[in-house]
Each structure stands twice: as structure tokens, then as C-alpha cells.
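Let me begin by presenting the structure, written as C-alpha cells, before commenting on it.
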Amino acid sequence: MVAEICNGYSLGPPEDGGLERLGCLPAGWPDLGPRQPGALFPLVEGWPWEDDDSVDPDEDERIDAVYTQGSIVLGSEDGQSFWLLVTTGPRCGEIWMVADVGAGPVPGDEAWGFLEWVQRWHVGNGWWD
């Protein structure tokens, strides 16, 4: 559906640069190796890893997998938070946000699909509303 709507757009939901072209990454995206949109997305529920005492954010491979597997990067919210469209697994088709503190569906567990996300930013109704 992303490619059916457009392949990048200078206006749009992400505050820093609009909707990314397919295969492109926004400024600030961490270099964690090649992206694998066809691999299984590693989460089935939100995970605020900054609050998880069992996690070392610099060493946990699950965090790298959230950034590299099973999603398409749609853009950046603030240069440190990134919009994802999950492409595989039970949460396929949902919009998620990932940042250095964790990842989760937007706006909550009942995540939006791509079409609803686009419709909301088109009318200026942000994800926090």
C-alpha cells in the first residue's frame, strides 16, 4: 500500500523530512547493519527497554532486530524517534514507533494501519491527539 500511495513525500507525518522513499533511511537512523523487511518482526507487544533492568541497550541483539527486521521505515518524528510499518509477523500492517528508549504500536496496543495513519496526518490530526 505504501508504494500505491506514493514513494516518498516531502510533506507528511514525520516532522523531519516527510515520508521517506522506500529503501531510504532518515537522518539519525542507527547503523545496525542491513535492513531485512522480510524477516520476522521481533515484537508482538510494545517494549520500553529503557525500563527493563535485564537489558543492556548497547549489547541486546533484540533491540538491533527491532530496527532491522520485519518493517519499512516511514520517517522520523524528531530525529530520534522513527515511524515503522511492520511487514511481517502477527503485527503486520501496523504502525509502530521505535526510539532509543523502546518500541511500540501507535497510538497504543490497538495500533493504526498505514491508511489510518496517513489519513490522520493528512487532516492534521497527530498521533498524540
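Ordered as shown in the C-alpha cells, chains take letters A, B, and onward, while each chain numbers its residues from 1 and ligands are numbered from 1 in the order shown.
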
Exercise. Write out as number ranges by chain all residues of chain A that backbone DSSP assigns to strand (DSSP E).
Key: A: 71-76, 81-86, 95-99, 102-105

Could the residues in this selection be written to a file with N, CA and C atoms, as an mmCIF file, in the first residue's frame?
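As written to disk, result.cif reads:
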```cif
data_model
loop_
_atom_site.group_PDB
_atom_site.id
_atom_site.type_symbol
_atom_site.label_atom_id
_atom_site.label_comp_id
_atom_site.auth_asym_id
_atom_site.auth_seq_id
_atom_site.Cartn_x
_atom_site.Cartn_y
_atom_site.Cartn_z
ATOM 1 N N SER A 71 10.186 -4.666 8.988
ATOM 2 C CA SER A 71 9.491 -3.384 8.882
ATOM 3 C C SER A 71 10.059 -2.548 7.747
ATOM 4 N N ILE A 72 9.280 -1.538 7.381
ATOM 5 C CA ILE A 72 9.711 -0.497 6.456
ATOM 6 C C ILE A 72 9.773 0.795 7.258
ATOM 7 N N VAL A 73 10.835 1.547 7.084
ATOM 8 C CA VAL A 73 10.986 2.821 7.786
ATOM 9 C C VAL A 73 10.220 3.893 7.006
ATOM 10 N N LEU A 74 9.264 4.536 7.693
ATOM 11 C CA LEU A 74 8.452 5.560 7.052
ATOM 12 C C LEU A 74 9.018 6.961 7.234
ATOM 13 N N GLY A 75 9.728 7.208 8.315
ATOM 14 C CA GLY A 75 10.286 8.539 8.555
ATOM 15 C C GLY A 75 10.645 8.734 10.009
ATOM 16 N N SER A 76 10.962 9.982 10.330
ATOM 17 C CA SER A 76 11.411 10.348 11.662
ATOM 18 C C SER A 76 10.431 11.329 12.280
ATOM 19 N N SER A 81 13.179 9.466 17.042
ATOM 20 C CA SER A 81 12.071 8.515 17.058
ATOM 21 C C SER A 81 11.679 8.275 15.603
ATOM 22 N N PHE A 82 11.381 7.016 15.281
ATOM 23 C CA PHE A 82 11.165 6.657 13.891
ATOM 24 C C PHE A 82 9.858 5.888 13.718
ATOM 25 N N TRP A 83 9.127 6.231 12.638
ATOM 26 C CA TRP A 83 7.897 5.549 12.278
ATOM 27 C C TRP A 83 8.227 4.301 11.468
ATOM 28 N N LEU A 84 7.618 3.179 11.828
ATOM 29 C CA LEU A 84 7.799 1.924 11.096
ATOM 30 C C LEU A 84 6.443 1.389 10.654
ATOM 31 N N LEU A 85 6.431 0.744 9.506
ATOM 32 C CA LEU A 85 5.289 -0.062 9.080
ATOM 33 C C LEU A 85 5.745 -1.506 9.207
ATOM 34 N N VAL A 86 5.138 -2.256 10.109
ATOM 35 C CA VAL A 86 5.519 -3.652 10.328
ATOM 36 C C VAL A 86 5.078 -4.466 9.116
ATOM 37 N N ILE A 95 1.375 0.411 12.359
ATOM 38 C CA ILE A 95 2.354 1.480 12.521
ATOM 39 C C ILE A 95 2.924 1.391 13.935
ATOM 40 N N TRP A 96 4.255 1.387 13.997
ATOM 41 C CA TRP A 96 4.970 1.380 15.276
ATOM 42 C C TRP A 96 5.947 2.540 15.298
ATOM 43 N N MET A 97 6.346 2.923 16.503
ATOM 44 C CA MET A 97 7.397 3.909 16.667
ATOM 45 C C MET A 97 8.532 3.256 17.450
ATOM 46 N N VAL A 98 9.759 3.487 16.993
ATOM 47 C CA VAL A 98 10.931 2.978 17.684
ATOM 48 C C VAL A 98 11.845 4.157 17.997
ATOM 49 N N ALA A 99 12.427 4.127 19.180
ATOM 50 C CA ALA A 99 13.353 5.168 19.625
ATOM 51 C C ALA A 99 14.427 4.511 20.475
ATOM 52 N N GLY A 102 12.799 2.472 23.430
ATOM 53 C CA GLY A 102 11.888 1.354 23.261
ATOM 54 C C GLY A 102 11.119 1.435 21.958
ATOM 55 N N ALA A 103 10.179 0.515 21.813
ATOM 56 C CA ALA A 103 9.368 0.454 20.603
ATOM 57 C C ALA A 103 7.955 0.047 20.979
ATOM 58 N N GLY A 104 6.986 0.547 20.207
ATOM 59 C CA GLY A 104 5.613 0.157 20.471
ATOM 60 C C GLY A 104 4.669 0.587 19.378
ATOM 61 N N PRO A 105 3.482 -0.037 19.362
ATOM 62 C CA PRO A 105 2.467 0.308 18.373
ATOM 63 C C PRO A 105 1.909 1.707 18.642
#
```

Quiz item: In Å, how far is it from atom CA of A:Gly113 to atom CA of A:Gly93?
Solution: 5.6 Å

Practice problem: Pick out the closest residue to A:Phe41 from this set: A:Gln80, A:Thr68, A:Gln119, A:Asn125. Count only C-alpha atoms. | Solution: A:Thr68

Quiz item: Mind checking DSSP for chain A and telling me the alpha helix (DSSP H) residues as number ranges by chain?
Solution: A: 2-5, 61-68, 114-122

Could you write those residues out with C-alpha atoms, as a compact mmCIF listing (two decimals), in the first residue's frame?
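Saved the output as part.txt:
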```
# COMPACT_ATOMS: atom_id res chain seq x y z
CA VAL A 2 2.88 2.43 0.66
CA ALA A 3 4.02 2.32 -2.96
CA GLU A 4 0.42 2.67 -4.15
CA ILE A 5 0.05 5.98 -2.32
CA GLU A 61 20.54 -8.17 19.92
CA ARG A 62 16.74 -7.94 20.24
CA ILE A 63 16.98 -4.15 20.09
CA ASP A 64 19.02 -4.30 16.89
CA ALA A 65 16.40 -6.66 15.44
CA VAL A 66 13.61 -4.15 16.14
CA TYR A 67 15.49 -1.66 13.98
CA THR A 68 16.47 -4.04 11.20
CA PHE A 114 -0.95 2.62 7.29
CA LEU A 115 -4.13 4.06 5.73
CA GLU A 116 -5.48 5.41 9.04
CA TRP A 117 -2.05 6.86 9.88
CA VAL A 118 -1.92 8.68 6.52
CA GLN A 119 -5.50 9.91 6.84
CA ARG A 120 -4.79 11.32 10.30
CA TRP A 121 -1.72 13.31 9.27
CA HIS A 122 -3.46 14.45 6.09
```

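Minimum atom-to-atom distance to A:Asp78, evaluated using only C-alpha atoms, belongs to A:Asp100 out of A:Asp100, A:Gly46, A:Asp52, A:Arg91.
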
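Compared by their closest atoms to A:Ala39, and using only C-alpha atoms, the residues A:Val123, A:Arg21, A:Cys92, A:Glu77 rank with A:Cys92 nearest.
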
Self-check item: Option closest in space to A:Asp51, from A:Pro37, A:Val101, A:Pro26, A:Thr87 [counting only C-alpha atoms]
Solution: A:Val101

Self-check item: Long-range neighbours of A:Pro90 as a VMD selection string, 10 Å cut-off, only C-alpha atoms, 5 positions minimum in chain
Solution: chain A and resid 40 to 45
